[in-house]
Structures are given as C-alpha cells and as structure tokens.
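This is structure.cif. It holds mmCIF, C-alpha atoms.
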data_structure
loop_
_atom_site.label_atom_id
_atom_site.label_comp_id
_atom_site.auth_asym_id
_atom_site.auth_seq_id
_atom_site.Cartn_x
_atom_site.Cartn_y
_atom_site.Cartn_z
CA MET A 1 -47.51 152.10 -15.32
CA PRO A 2 -46.92 148.38 -14.58
CA GLN A 3 -49.42 146.20 -16.42
CA THR A 4 -50.88 142.73 -15.99
CA LEU A 5 -50.80 140.59 -19.13
CA THR A 6 -54.53 141.22 -19.48
CA GLN A 7 -53.94 144.97 -19.51
CA LYS A 8 -51.04 144.68 -21.95
CA ILE A 9 -53.10 142.78 -24.52
CA ILE A 10 -56.13 145.05 -24.26
CA ALA A 11 -53.89 148.13 -24.46
CA ARG A 12 -52.34 146.87 -27.69
CA ALA A 13 -55.78 146.03 -29.09
CA CYS A 14 -57.05 149.57 -28.47
CA GLY A 15 -53.83 151.28 -29.57
CA ARG A 16 -52.81 152.70 -26.21
CA PRO A 17 -49.65 152.26 -24.12
CA THR A 18 -51.58 151.36 -20.96
CA VAL A 19 -55.12 150.80 -19.71
CA LYS A 20 -56.68 150.76 -16.24
CA PRO A 21 -59.26 148.34 -14.81
CA GLY A 22 -62.76 149.72 -15.19
CA GLU A 23 -62.05 151.73 -18.33
CA ILE A 24 -64.38 151.12 -21.27
CA VAL A 25 -62.38 150.86 -24.49
CA THR A 26 -62.92 150.01 -28.14
CA VAL A 27 -60.60 147.25 -29.34
CA ASN A 28 -59.57 145.79 -32.67
CA VAL A 29 -60.30 142.07 -32.74
CA ASP A 30 -57.51 139.87 -34.09
CA LEU A 31 -59.52 136.66 -34.48
CA LEU A 32 -63.24 135.94 -34.45
CA MET A 33 -64.53 132.40 -33.97
CA GLY A 34 -68.05 131.22 -34.62
CA GLN A 35 -69.34 127.68 -34.37
CA ASP A 36 -72.36 126.12 -36.02
CA ALA A 37 -74.66 126.78 -33.05
CA SER A 38 -73.83 130.47 -32.58
CA GLY A 39 -72.05 131.74 -35.69
CA PRO A 40 -73.19 131.72 -39.34
CA ARG A 41 -76.86 131.00 -38.68
CA ARG A 42 -76.96 134.07 -36.40
CA TRP A 43 -74.68 136.27 -38.51
CA ARG A 44 -76.03 135.75 -42.01
CA PRO A 45 -79.53 137.25 -41.58
CA ARG A 46 -78.06 140.47 -40.17
CA LEU A 47 -75.31 140.68 -42.79
CA GLU A 48 -77.91 140.30 -45.54
CA GLU A 49 -80.23 142.82 -43.91
CA LEU A 50 -77.42 145.37 -43.77
CA ASN A 51 -75.95 144.38 -47.15
CA ALA A 52 -72.65 143.95 -45.31
CA LYS A 53 -69.58 141.79 -45.77
CA LEU A 54 -67.12 140.31 -43.32
CA TRP A 55 -64.56 142.91 -42.30
CA ASP A 56 -61.71 140.46 -42.95
CA PRO A 57 -62.51 136.84 -43.87
CA SER A 58 -58.91 135.82 -43.07
CA LYS A 59 -59.52 136.73 -39.42
CA VAL A 60 -62.72 134.71 -39.12
CA VAL A 61 -62.80 131.06 -38.06
CA VAL A 62 -65.90 128.91 -38.46
CA VAL A 63 -66.10 125.45 -36.93
CA SER A 64 -68.95 122.95 -37.12
CA ASP A 65 -68.74 121.05 -33.84
CA HIS A 66 -72.06 121.16 -31.96
CA TYR A 67 -74.47 119.51 -34.39
CA VAL A 68 -72.02 116.95 -35.78
CA PRO A 69 -72.74 114.50 -37.15
CA ALA A 70 -76.29 115.54 -37.94
CA VAL A 71 -78.89 113.41 -36.17
CA ASP A 72 -81.99 114.93 -37.77
CA ALA A 73 -83.06 117.22 -40.62
CA GLN A 74 -82.82 120.36 -38.47
CA SER A 75 -79.23 119.58 -37.47
CA ALA A 76 -78.34 118.87 -41.08
CA GLU A 77 -79.73 122.24 -42.16
CA ILE A 78 -77.77 124.09 -39.45
CA LEU A 79 -74.59 122.45 -40.70
CA ASN A 80 -75.52 123.32 -44.28
CA ILE A 81 -75.92 126.98 -43.27
CA SER A 82 -72.34 126.98 -41.97
CA ARG A 83 -71.02 125.40 -45.18
CA ARG A 84 -72.82 127.87 -47.43
CA PHE A 85 -71.72 130.79 -45.26
CA ALA A 86 -68.06 129.80 -45.46
CA ARG A 87 -68.31 129.46 -49.25
CA ASP A 88 -70.27 132.65 -49.88
CA TYR A 89 -68.28 134.88 -47.55
CA GLY A 90 -64.82 133.54 -48.38
CA VAL A 91 -64.00 132.01 -44.98
CA LYS A 92 -60.90 129.87 -45.60
CA ASN A 93 -60.52 128.89 -41.95
CA PHE A 94 -63.61 126.69 -42.03
CA PHE A 95 -63.31 123.37 -40.21
CA ASP A 96 -66.26 121.16 -41.00
CA MET A 97 -66.63 118.18 -38.65
CA GLN A 98 -62.91 118.32 -37.86
CA GLY A 99 -63.27 118.67 -34.11
CA ILE A 100 -64.13 121.10 -31.34
CA SER A 101 -63.37 124.77 -31.99
CA HIS A 102 -61.31 125.31 -28.82
CA ALA A 103 -59.07 122.39 -29.72
CA ILE A 104 -58.98 123.21 -33.44
CA MET A 105 -57.63 126.77 -33.07
CA PRO A 106 -54.42 125.84 -31.20
CA GLU A 107 -54.00 122.62 -33.17
CA ARG A 108 -54.09 124.47 -36.53
CA GLY A 109 -51.69 127.26 -35.51
CA LEU A 110 -54.30 130.04 -35.53
CA LEU A 111 -53.32 131.56 -32.18
CA ARG A 112 -50.58 134.12 -31.63
CA PRO A 113 -49.55 135.53 -28.23
CA GLY A 114 -50.92 139.02 -27.65
CA MET A 115 -54.07 138.42 -29.70
CA PHE A 116 -57.49 139.70 -28.71
CA VAL A 117 -59.72 136.73 -29.55
CA ALA A 118 -63.51 136.90 -29.58
CA GLY A 119 -65.59 133.76 -29.82
CA GLY A 120 -69.26 132.86 -29.88
CA ASP A 121 -68.81 130.24 -27.19
CA SER A 122 -68.31 130.42 -23.42
CA HIS A 123 -65.10 128.35 -23.52
CA THR A 124 -63.28 130.73 -25.86
CA PRO A 125 -60.90 131.52 -22.93
CA THR A 126 -59.11 128.26 -23.82
CA ALA A 127 -56.93 130.29 -26.19
CA GLY A 128 -55.50 132.14 -23.19
CA ALA A 129 -53.04 129.28 -22.69
CA PHE A 130 -51.16 130.79 -25.65
CA GLY A 131 -50.89 134.24 -24.07
CA CYS A 132 -54.03 135.60 -25.71
CA TYR A 133 -56.89 137.55 -24.22
CA ALA A 134 -59.77 135.35 -25.35
CA ALA A 135 -63.36 135.85 -24.27
CA GLY A 136 -66.82 134.66 -25.20
CA PHE A 137 -69.36 137.05 -26.73
CA GLY A 138 -73.06 136.74 -27.52
CA ALA A 139 -74.50 136.52 -31.02
CA THR A 140 -75.31 140.24 -31.29
CA ASP A 141 -71.76 141.22 -30.34
CA THR A 142 -70.10 138.68 -32.62
CA THR A 143 -72.29 139.83 -35.52
CA ALA A 144 -71.08 143.40 -34.99
CA ILE A 145 -67.49 142.16 -34.80
CA ALA A 146 -67.94 140.16 -38.01
CA ILE A 147 -68.88 143.38 -39.82
CA THR A 148 -66.59 145.96 -38.17
CA GLY A 149 -63.70 143.98 -36.68
CA GLU A 150 -64.16 145.96 -33.47
CA THR A 151 -65.91 145.63 -30.14
CA TRP A 152 -66.05 147.42 -26.83
CA THR A 153 -65.00 145.97 -23.51
CA THR A 154 -64.52 147.00 -19.95
CA VAL A 155 -60.92 146.43 -18.85
CA PRO A 156 -61.35 143.75 -16.19
CA GLU A 157 -59.65 143.50 -12.84
CA THR A 158 -57.07 140.70 -12.84
CA ILE A 159 -56.88 137.89 -10.30
CA LYS A 160 -53.44 136.33 -9.90
CA VAL A 161 -53.58 132.58 -9.24
CA GLN A 162 -50.20 131.41 -7.94
CA ILE A 163 -49.84 127.62 -8.10
CA ASP A 164 -46.68 125.97 -6.83
CA GLY A 165 -45.41 122.48 -6.09
CA GLU A 166 -45.07 119.22 -8.02
CA LEU A 167 -48.27 117.43 -8.96
CA GLY A 168 -48.47 113.89 -7.61
CA PRO A 169 -49.11 110.77 -9.71
CA GLU A 170 -52.48 110.81 -11.49
CA ILE A 171 -53.08 114.45 -10.45
CA THR A 172 -53.83 116.80 -13.32
CA ALA A 173 -54.75 120.34 -14.30
CA LYS A 174 -58.40 119.23 -14.13
CA ASP A 175 -57.98 118.43 -10.44
CA VAL A 176 -56.41 121.85 -9.89
CA MET A 177 -59.26 123.64 -11.66
CA LEU A 178 -61.99 121.74 -9.83
CA TRP A 179 -60.29 122.68 -6.54
CA LEU A 180 -60.15 126.32 -7.67
CA CYS A 181 -63.86 126.22 -8.57
CA ARG A 182 -64.59 125.17 -4.99
CA GLU A 183 -62.24 127.71 -3.39
CA MET A 184 -62.86 130.71 -5.67
CA GLY A 185 -66.48 130.03 -6.54
CA MET A 186 -68.09 130.63 -9.92
CA GLU A 187 -69.02 134.31 -9.55
CA ASN A 188 -65.81 136.00 -10.71
CA SER A 189 -67.55 138.00 -13.40
CA PHE A 190 -65.75 140.94 -15.03
CA LYS A 191 -62.43 139.47 -13.88
CA SER A 192 -59.53 138.02 -15.82
CA VAL A 193 -57.49 135.23 -14.23
CA GLU A 194 -53.73 134.92 -14.81
CA PHE A 195 -52.24 131.55 -13.86
CA MET A 196 -48.64 131.56 -12.61
CA GLY A 197 -46.20 129.56 -10.49
CA SER A 198 -43.90 126.56 -10.73
CA THR A 199 -46.76 124.11 -11.24
CA VAL A 200 -48.05 125.98 -14.28
CA SER A 201 -44.53 126.43 -15.66
CA ALA A 202 -44.03 122.66 -15.56
CA MET A 203 -47.34 121.87 -17.29
CA SER A 204 -47.55 120.70 -20.88
CA MET A 205 -49.49 122.88 -23.29
CA SER A 206 -52.31 120.33 -23.23
CA GLU A 207 -52.66 120.79 -19.47
CA ARG A 208 -52.38 124.58 -19.71
CA LEU A 209 -55.32 124.54 -22.10
CA VAL A 210 -57.37 122.96 -19.29
CA MET A 211 -56.46 125.83 -16.96
CA SER A 212 -57.52 128.54 -19.40
CA ASN A 213 -60.58 126.62 -20.58
CA MET A 214 -62.04 126.28 -17.11
CA ALA A 215 -61.58 129.94 -16.28
CA ALA A 216 -65.10 129.98 -17.74
CA GLU A 217 -66.25 127.81 -14.83
CA LEU A 218 -64.81 130.37 -12.44
CA GLY A 219 -67.09 132.89 -14.13
CA ALA A 220 -64.11 134.88 -15.41
CA GLU A 221 -63.91 136.73 -18.71
CA ALA A 222 -60.54 135.19 -19.58
CA GLY A 223 -57.87 132.84 -18.25
CA ILE A 224 -54.34 133.67 -19.38
CA ILE A 225 -50.89 132.11 -19.05
CA GLY A 226 -47.77 134.11 -19.90
CA VAL A 227 -45.50 133.00 -22.73
CA ASP A 228 -42.46 130.82 -22.04
CA GLU A 229 -40.43 128.19 -23.88
CA ILE A 230 -43.25 125.65 -23.70
CA THR A 231 -45.56 128.13 -25.43
CA ILE A 232 -43.01 128.88 -28.12
CA GLU A 233 -42.30 125.20 -28.76
CA ALA A 234 -46.04 124.57 -29.12
CA LEU A 235 -46.32 127.44 -31.59
CA LYS A 236 -43.44 126.03 -33.61
CA ALA A 237 -45.00 122.57 -33.63
CA THR A 238 -48.33 123.83 -34.95
CA GLY A 239 -46.98 126.36 -37.42
CA GLY A 240 -48.06 129.36 -35.36
CA ASP A 241 -46.40 132.78 -35.35
CA TYR A 242 -43.94 133.08 -32.45
CA GLU A 243 -41.94 136.16 -33.40
CA GLY A 244 -41.76 138.43 -30.37
CA ALA A 245 -43.91 136.01 -28.37
CA GLU A 246 -41.65 136.11 -25.32
CA THR A 247 -42.71 139.71 -24.56
CA TRP A 248 -46.25 138.67 -23.63
CA VAL A 249 -45.86 138.28 -19.88
CA ALA A 250 -47.11 140.39 -16.98
CA ASP A 251 -44.87 143.07 -15.52
CA PRO A 252 -43.24 141.83 -12.30
CA ASP A 253 -44.72 144.69 -10.27
CA ALA A 254 -48.20 144.61 -11.82
CA GLN A 255 -51.09 145.26 -9.45
CA TYR A 256 -53.77 142.58 -9.04
CA TYR A 257 -57.32 142.64 -7.72
CA LYS A 258 -56.32 139.77 -5.44
CA THR A 259 -53.98 136.78 -5.29
CA VAL A 260 -55.05 133.17 -4.76
CA THR A 261 -52.33 130.67 -3.82
CA LEU A 262 -52.30 126.89 -4.02
CA ASP A 263 -49.64 124.36 -2.97
CA VAL A 264 -50.45 121.25 -4.98
CA THR A 265 -48.05 118.87 -3.25
CA LYS A 266 -50.87 117.38 -1.16
CA LEU A 267 -53.67 117.76 -3.70
CA GLY A 268 -55.48 114.51 -4.49
CA PRO A 269 -57.92 113.60 -7.28
CA GLN A 270 -60.93 115.91 -7.22
CA VAL A 271 -64.52 115.22 -8.22
CA ALA A 272 -67.33 117.75 -8.73
CA ALA A 273 -70.82 116.62 -7.73
CA PRO A 274 -74.07 117.69 -9.42
CA HIS A 275 -75.00 120.28 -10.44
CA ALA A 276 -72.01 122.69 -10.46
CA PRO A 277 -68.21 122.47 -10.79
CA GLU A 278 -67.82 124.24 -7.44
CA ASN A 279 -69.42 121.24 -5.68
CA THR A 280 -65.96 119.69 -5.51
CA ASP A 281 -64.42 117.39 -2.93
CA ASP A 282 -61.72 114.74 -2.73
CA VAL A 283 -62.49 111.60 -4.72
CA GLY A 284 -62.87 109.55 -1.54
CA ALA A 285 -66.02 111.47 -0.62
CA PHE A 286 -67.80 109.82 -3.55
CA ALA A 287 -66.64 106.22 -3.17
CA ALA A 288 -70.20 104.94 -2.75
CA VAL A 289 -71.45 106.49 -6.01
CA LYS A 290 -72.17 103.90 -8.70
CA VAL A 291 -71.70 105.03 -12.29
CA ASP A 292 -73.82 104.11 -15.30
CA GLN A 293 -71.69 105.92 -17.85
CA CYS A 294 -68.15 107.24 -18.03
CA TYR A 295 -67.50 109.85 -20.71
CA ILE A 296 -64.10 110.98 -21.97
CA GLY A 297 -64.78 113.87 -24.28
CA ALA A 298 -65.05 117.64 -24.79
CA CYS A 299 -62.57 120.45 -25.50
CA VAL A 300 -61.20 120.17 -21.97
CA GLY A 301 -60.98 116.40 -21.60
CA ALA A 302 -60.32 114.55 -24.85
CA LYS A 303 -57.04 115.89 -26.21
CA LEU A 304 -54.36 113.35 -27.07
CA GLU A 305 -52.73 113.61 -23.65
CA ASP A 306 -56.13 113.06 -21.99
CA LEU A 307 -56.72 109.88 -24.00
CA GLN A 308 -53.22 108.71 -23.12
CA MET A 309 -53.95 109.29 -19.42
CA ALA A 310 -57.05 107.13 -19.66
CA ALA A 311 -55.24 104.42 -21.63
CA SER A 312 -52.49 104.22 -19.00
CA VAL A 313 -55.12 103.33 -16.40
CA LEU A 314 -57.16 100.99 -18.60
CA ARG A 315 -54.23 98.94 -19.89
CA GLY A 316 -54.76 95.36 -18.72
CA HIS A 317 -58.29 96.08 -17.43
CA ARG A 318 -61.83 95.80 -18.71
CA VAL A 319 -64.68 98.24 -18.31
CA SER A 320 -67.14 97.06 -15.66
CA PRO A 321 -70.19 95.24 -17.07
CA ASP A 322 -72.31 97.60 -14.98
CA THR A 323 -71.14 100.74 -16.78
CA ARG A 324 -70.24 101.95 -20.25
CA LEU A 325 -67.24 104.01 -21.34
CA LEU A 326 -67.66 106.42 -24.25
CA VAL A 327 -64.69 108.21 -25.81
CA ALA A 328 -65.07 111.18 -28.19
CA PRO A 329 -61.64 112.56 -29.22
CA ALA A 330 -61.49 116.35 -29.35
CA THR A 331 -60.44 116.47 -33.04
CA VAL A 332 -59.97 114.11 -35.96
CA ARG A 333 -56.22 114.72 -35.77
CA VAL A 334 -56.30 113.55 -32.16
CA THR A 335 -58.06 110.39 -33.35
CA GLU A 336 -55.38 109.86 -36.00
CA LYS A 337 -52.54 110.29 -33.52
CA ALA A 338 -54.23 108.12 -30.90
CA ALA A 339 -54.66 105.41 -33.51
CA ALA A 340 -51.04 105.68 -34.60
CA ASP A 341 -49.53 105.41 -31.11
CA GLY A 342 -51.76 102.55 -29.92
CA THR A 343 -53.86 104.62 -27.51
CA LEU A 344 -57.13 103.84 -29.27
CA ALA A 345 -56.31 100.14 -29.36
CA THR A 346 -55.79 100.16 -25.58
CA LEU A 347 -59.04 102.04 -25.00
CA THR A 348 -61.15 99.82 -27.23
CA ALA A 349 -59.51 96.63 -25.95
CA ALA A 350 -60.72 97.65 -22.50
CA GLY A 351 -64.26 98.04 -23.83
CA ALA A 352 -64.46 101.74 -24.65
CA ILE A 353 -66.89 102.82 -27.38
CA LEU A 354 -65.44 105.34 -29.83
CA LEU A 355 -67.61 108.32 -30.83
CA PRO A 356 -67.10 111.04 -33.48
CA SER A 357 -65.22 114.23 -32.63
CA GLY A 358 -67.46 117.08 -31.57
CA CYS A 359 -69.20 118.65 -28.61
CA GLY A 360 -71.70 115.79 -28.52
CA ALA A 361 -72.85 114.64 -25.12
CA CYS A 362 -71.02 117.46 -23.32
CA ALA A 363 -73.57 119.91 -24.69
CA GLY A 364 -76.40 117.36 -24.75
CA MET A 365 -76.54 117.56 -28.55
CA GLY A 366 -75.20 114.22 -29.77
CA ALA A 367 -74.49 110.60 -29.02
CA GLY A 368 -73.94 109.77 -25.37
CA ILE A 369 -76.66 111.70 -23.56
CA ILE A 370 -77.98 110.11 -20.40
CA ALA A 371 -81.42 109.02 -19.22
CA GLU A 372 -83.51 109.89 -16.19
CA GLY A 373 -81.88 108.71 -13.00
CA GLU A 374 -78.58 107.75 -14.62
CA VAL A 375 -75.19 108.78 -13.25
CA CYS A 376 -72.35 109.89 -15.54
CA LEU A 377 -68.74 110.61 -14.58
CA SER A 378 -67.27 112.89 -17.22
CA THR A 379 -64.08 114.70 -18.24
CA THR A 380 -66.19 117.65 -19.42
CA ASN A 381 -66.02 121.10 -17.84
CA ARG A 382 -69.51 121.65 -16.47
CA ASN A 383 -72.28 119.55 -15.00
CA PHE A 384 -75.31 121.83 -14.89
CA GLN A 385 -78.68 120.16 -14.46
CA GLY A 386 -79.95 118.67 -17.72
CA ARG A 387 -76.80 119.58 -19.67
CA MET A 388 -75.90 116.02 -20.71
CA GLY A 389 -79.42 114.68 -21.06
CA HIS A 390 -82.39 114.26 -18.74
CA LYS A 391 -82.87 116.91 -16.06
CA ASP A 392 -83.07 114.18 -13.44
CA ALA A 393 -79.76 112.60 -14.41
CA SER A 394 -76.60 113.27 -12.39
CA VAL A 395 -73.26 114.34 -13.85
CA TYR A 396 -70.00 114.27 -11.88
CA LEU A 397 -66.75 115.78 -13.20
CA ALA A 398 -63.22 114.39 -12.89
CA SER A 399 -59.89 113.95 -14.66
CA PRO A 400 -59.30 111.33 -17.39
CA TYR A 401 -57.39 109.21 -14.85
CA THR A 402 -60.31 109.17 -12.43
CA VAL A 403 -62.93 108.59 -15.12
CA ALA A 404 -60.97 105.65 -16.54
CA ALA A 405 -60.46 104.06 -13.12
CA SER A 406 -64.15 104.46 -12.33
CA ALA A 407 -65.09 102.80 -15.61
CA VAL A 408 -63.18 99.71 -14.44
CA THR A 409 -64.70 99.56 -10.97
CA GLY A 410 -68.20 100.74 -11.85
CA ARG A 411 -68.13 103.38 -9.10
CA ILE A 412 -66.26 106.65 -8.55
CA SER A 413 -62.73 105.53 -7.69
CA ASP A 414 -59.30 106.90 -6.91
CA PRO A 415 -57.02 106.02 -9.86
CA ARG A 416 -54.07 105.71 -7.49
CA GLU A 417 -55.80 102.88 -5.63
CA LEU A 418 -56.44 100.99 -8.86
CA ARG A 419 -52.77 101.34 -9.76
CA THR A 420 -51.76 100.01 -6.35
CA SER A 421 -54.09 97.02 -6.55
CA THR A 422 -52.83 96.21 -10.03
CA ARG A 423 -49.20 96.26 -8.89
CA ASN A 424 -50.02 94.10 -5.89
CA ALA A 425 -51.83 91.56 -8.06
CA ALA A 426 -48.82 91.39 -10.37
#
Translate the structure described by the file into structure tokens.
Amino acid sequence: MPQTLTQKIIARACGRPTVKPGEIVTVNVDLLMGQDASGPRRWRPRLEELNAKLWDPSKVVVVSDHYVPAVDAQSAEILNISRRFARDYGVKNFFDMQGISHAIMPERGLLRPGMFVAGGDSHTPTAGAFGCYAAGFGATDTTAIAITGETWTTVPETIKVQIDGELGPEITAKDVMLWLCREMGMENSFKSVEFMGSTVSAMSMSERLVMSNMAAELGAEAGIIGVDEITIEALKATGGDYEGAETWVADPDAQYYKTVTLDVTKLGPQVAAPHAPENTDDVGAFAAVKVDQCYIGACVGAKLEDLQMAASVLRGHRVSPDTRLLVAPATVRVTEKAAADGTLATLTAAGAILLPSGCGACAGMGAGIIAEGEVCLSTTNRNFQGRMGHKDASVYLASPYTVAASAVTGRISDPRELRTSTRNAA
C-alpha cells in the first residue's frame, strides 16, 4: 500500500510494513527531548515514586533553554534540577545554557531521517526538516516514554503542501509559513503536514527548519520534509547518521487527506498581527504601525542564516532612536559563528543589543519582555496575547529581513523598499 512519509516513519516505529490513518498504534521512540521547563522537574518525582530508571539514557536529550540565565532563585533551582537529573540518570546529551533545544538537536547531529522523535515542547516538529516524525507530548506522556521508551499515537491524516516557484528578494520561509497560517488556519489537529515542491527543494536546511517548526502554528502534529541531497549534506556537516537516509521520502502515489498549493513567485513580505499567526497580511497593510521593540530571536528566527539576513539589511544603517533592537542567537555556536564572520559586528554597529541564547522573551521568561501598550515586531513563531510580556502589549511576527528594516525606520516596513532607498541614496 503506498505510504506518505508520515506513515512510513510510524510504520517503522511500530514494527509494521504499513499503517493507515486513524489506526492507534504503539511505537518505539528513537529520541526523547525534555527541556528545563517540562522535562526533569516533571519526570524525576514520578521516576522516584516508581523506583524507575530511564529506559535508555543515550536516547534522552535534556536542554536548559527556558529559564536561562536564571533571573531569580526559583529559576536557578529549576536549572539545578536539570543539572542534577542529567548527572544522576546518566544523560550524556545534556546541553546546559547552550541554546534552544530545537536548534541544538540538528546542530549537534542528534537527528537521523526516519526517527520517531518525542519532545516535551510544542515546537518539537522542527526536527521534521530532517525527515523525522517529530511531535510534542505533555509531561505525563514524556514521563511514560522516559521509563518505557514507548508511546501510543493515532496515525494522523497527512496534508500535502505543494510549494513551487522562486522566492523573490527578501522573501523567506517565514513569509511562506505566515501565509500558510492565514490560508490553512491553525486548527489542523491530528494532521501531519508534508512540505514538497521546487521552492522547498531549493531551500537551505536553515529555512526548512522554519517550515517544520511552524507546522505547530498550523495546529499540526508534525511537519515533515523528505530527504534529499541538502538533507544529507547537512547531516554530514553536523556529524549525523546519513546511511540509508535517501529512502525516507513519500511514495509517489501516496494518498493525502488534502493538497494545498502555493505559487510563491508573487509572494511579498508577510506580517502577522496580534494575537495569532493566522492574522497575516502583506507588510504594506501595517505601514502605519510604530514599533517600540524589534526582536530577533527564538528557535525559528535566530539561526545563523537569520542573523545574516538581518545584518544584510542593517549594514550602513542605524536603529531608529524611537525603537530598540534585541538579538538573541539561537545557540552559543551560532553566536561564535556570527562573531567570526562579522555578522555580530554589523548588528551591534547598527545599534542592536545582544542577549544570551535561550527562549527568553519569546516565551516571556527572560530579558526582552515588553510593557503594557508596547508594540514588538518579532521573528518568533507565535504572538498570543501576553506571551512576550504584558497582556495589553501587541506582538507582530515577520521575517528577519522585515524586522531589521522596521528597526531602522521605527515602523513596520517592507525591507525591499529600504534596499531601494539605500541604492538610490548611493
């Protein structure tokens, strides 16, 4: 029976040749991720109560990224719980204040195509860019997985998203995903999304991570991209296992729940208005919106390529005196590389303020949260009410290009127009 990539991965995980949408199956989990907010501090009490151990410490990843760096005694204790847990339970893949979990796992070569990945965070689908089925689970489920290495799941229906055409200048995967949030809505629960087409094939791995990451904003269980040469090269570069990786693609005649198509040749910069990613429109619809803060951060918007996008816009400009630009690289390795290639120098010369790596303001848990009545334009993935600070603040979402251009003008701006004005002035 022809299978989608989603079905192929779940079938392998449950030891069957094929599976059908709607079936409830028990699967073996290949990798379990827990972060400081949802992992060890939830797992340890139950493990101790049951006198249980981790089923396989080598398949468990723990990342401290939400409460870093600690801003109070409670945060410090939560981080300490993660450190003690990793030591006491033999977790070697423990990344303490090294960056955001969804950026750490691909960066450190922990992903392998065909994996079933479970994570205690809603943006676990990020790993789907590497041909994995990766989904977020609650604390009770991840605790059970930590002990048994198994979980149950309903085989989801698969939505095929066919994206074709060449992206224009300053148009990114973030713009594509914001458009999809508007067109598909955010209620695609119990669905997996598989991204295909010439546009996706031409994307860098950094941009593909955006696609899979924001499947969560579509409400989907997972967002997956089939393996190709770009995937394999990324695996080689990070030390990941790529043997047999090329087999992890959907069957050509697989059956899908539905197909969504997008021709990106005329797609412009997109911006999502408060308080949901689906409130998306062309950037020009928001030209009158003044911005107090611009934020370049989060798992989806502060990878090295994202920082380079912002730097390309900011070069030769200064941040408006009426706004502030905060930059929180996704990982410490991203910071190192951005320092080495001059990206950080360009950002800070323009007036950007550098923050530590971590979830920070994106989750409203660190430096950069906003006050009542303030407006923030952010590269993050969601803008729910109160998420980045006060409930009466407003968060808009956009690509790194658009956020950087808006930091210069002090209002939401089309990065292409800033480029044009700069060339004309020269």
Query raised in the report: Which is closer to A:Val283 than all the others in A:Ala393, A:Leu267, A:Val91, A:Leu326, using only C-alpha atoms?
Result: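 Under the stated criterion, the closest residue is A:Leu267.
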Requested in this report: Would you translate the PyMOL selection byres ((chain A and resi 33) around 12) into the concrete set of residues it matches in this file, as number ranges by chain?
Outcome: A: 29-32, 34-40, 43, 57-64, 91, 93-95, 100-102, 104-105, 110-111, 116-125, 127, 134-139, 141-143, 145-146, 149
Query raised in the report: With all atoms listed in the file as the basis for distance, which of A:Ala70, A:Ala328, A:Ala398, A:Val375 is at the shortest distance from A:Gly99?
Result: A:Ala328
**Report entry** Evaluate the PyMOL selection byres ((chain A and resi 379-381) around 8) and report residues as a list in words
**Finding:** Met214, Glu217, Pro277, Tyr295, Ile296, Gly297, Ala298, Cys299, Val300, Gly301, Ala302, Cys362, Leu377, Ser378, Arg382, Asn383, Leu397, Ala398, Ser399, Pro400 and Val403 of chain A
Just write the chosen residues, C-alpha atoms, as a compact mmCIF listing (two decimals), keeping the file's coordinate frame.
# COMPACT_ATOMS: atom_id res chain seq x y z
CA MET A 214 -62.04 126.28 -17.11
CA GLU A 217 -66.25 127.81 -14.83
CA PRO A 277 -68.21 122.47 -10.79
CA TYR A 295 -67.50 109.85 -20.71
CA ILE A 296 -64.10 110.98 -21.97
CA GLY A 297 -64.78 113.87 -24.28
CA ALA A 298 -65.05 117.64 -24.79
CA CYS A 299 -62.57 120.45 -25.50
CA VAL A 300 -61.20 120.17 -21.97
CA GLY A 301 -60.98 116.40 -21.60
CA ALA A 302 -60.32 114.55 -24.85
CA CYS A 362 -71.02 117.46 -23.32
CA LEU A 377 -68.74 110.61 -14.58
CA SER A 378 -67.27 112.89 -17.22
CA ARG A 382 -69.51 121.65 -16.47
CA ASN A 383 -72.28 119.55 -15.00
CA LEU A 397 -66.75 115.78 -13.20
CA ALA A 398 -63.22 114.39 -12.89
CA SER A 399 -59.89 113.95 -14.66
CA PRO A 400 -59.30 111.33 -17.39
CA VAL A 403 -62.93 108.59 -15.12
Requested in this report: Measure the distance from atom CA of A:Trp55 to atom CA of A:Asp88 in Å and round it to one decimal.
Outcome: 14.0 Å
Requested in this report: Give the answer as one residue: which of A:Thr343, A:Thr335, A:Thr18, A:Thr238 has the shortest atom-to-atom distance to A:Met1, using only C-alpha atoms?
Outcome: A:Thr18
Query - Hits of the PyMOL selection byres ((chain A and resi 245) around 12) in this structure, as a PyMOL selection string - result: chain A and resi 111-115+130-132+226-236+240-244+246-249
Query raised in the report: Near A:Thr4, counting all atoms listed in the file, which residues have an atom at most 8 Å away, once you skip same-chain residues fewer than 5 positions from it, shown as a ChimeraX atom specification?
Result: /A:158,249-251,254-256
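You will find atom CA of A:Val71 at 24.1 Å from atom CA of A:Lys303.
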Query raised in the report: What is the distance, in Å and to one decimal place, between atom CA of A:Thr265 and atom CA of A:Gly197?
Result: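 A separation of 13.0 Å between them.
Using all atoms listed in the file, the nearest neighbour of A:Gly168 within the list A:Gln3, A:Thr331, A:Thr199, A:Thr151 is A:Thr199.
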Query raised in the report: Nearest to A:Glu107 among A:Pro169, A:Gly239, A:Pro252, A:Gly364, with distances taken over only C-alpha atoms: which residue is it?
Result: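 Smallest separation from A:Glu107 among the options: A:Gly239.
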Requested in this report: Kindly extract all protein, DNA and RNA residues lying within 7 Å of the coordinates (-49.2, 125.2, -6.4) given in the file, considering only C-alpha atoms, and supply them as a count of residues only.
Outcome: 11
Report task. Can you pull out every residue within 10 Å of A:Pro321, counting only C-alpha atoms, but drop anything in the same chain fewer than 6 positions away, and send it as number ranges by chain? Result -> A: 292, 351, 407-410
Export C-alpha atoms of the chosen residues as a PDB file, in the frame of the given file?
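What landed in selection-v1.pdb:
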ATOM      1  CA  ASP A 292     -73.820 104.110 -15.300  1.00  0.00           C
ATOM      2  CA  GLY A 351     -64.260  98.040 -23.830  1.00  0.00           C
ATOM      3  CA  ALA A 407     -65.090 102.800 -15.610  1.00  0.00           C
ATOM      4  CA  VAL A 408     -63.180  99.710 -14.440  1.00  0.00           C
ATOM      5  CA  THR A 409     -64.700  99.560 -10.970  1.00  0.00           C
ATOM      6  CA  GLY A 410     -68.200 100.740 -11.850  1.00  0.00           C
TER       7      GLY A 410
END
Requested in this report: Using only C-alpha atoms, find the one residue out of A:Ala345, A:Met97, A:Leu5, A:Cys294 that sits nearest to A:Asp322.
Outcome: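 Smallest separation from A:Asp322 among the options: A:Cys294.
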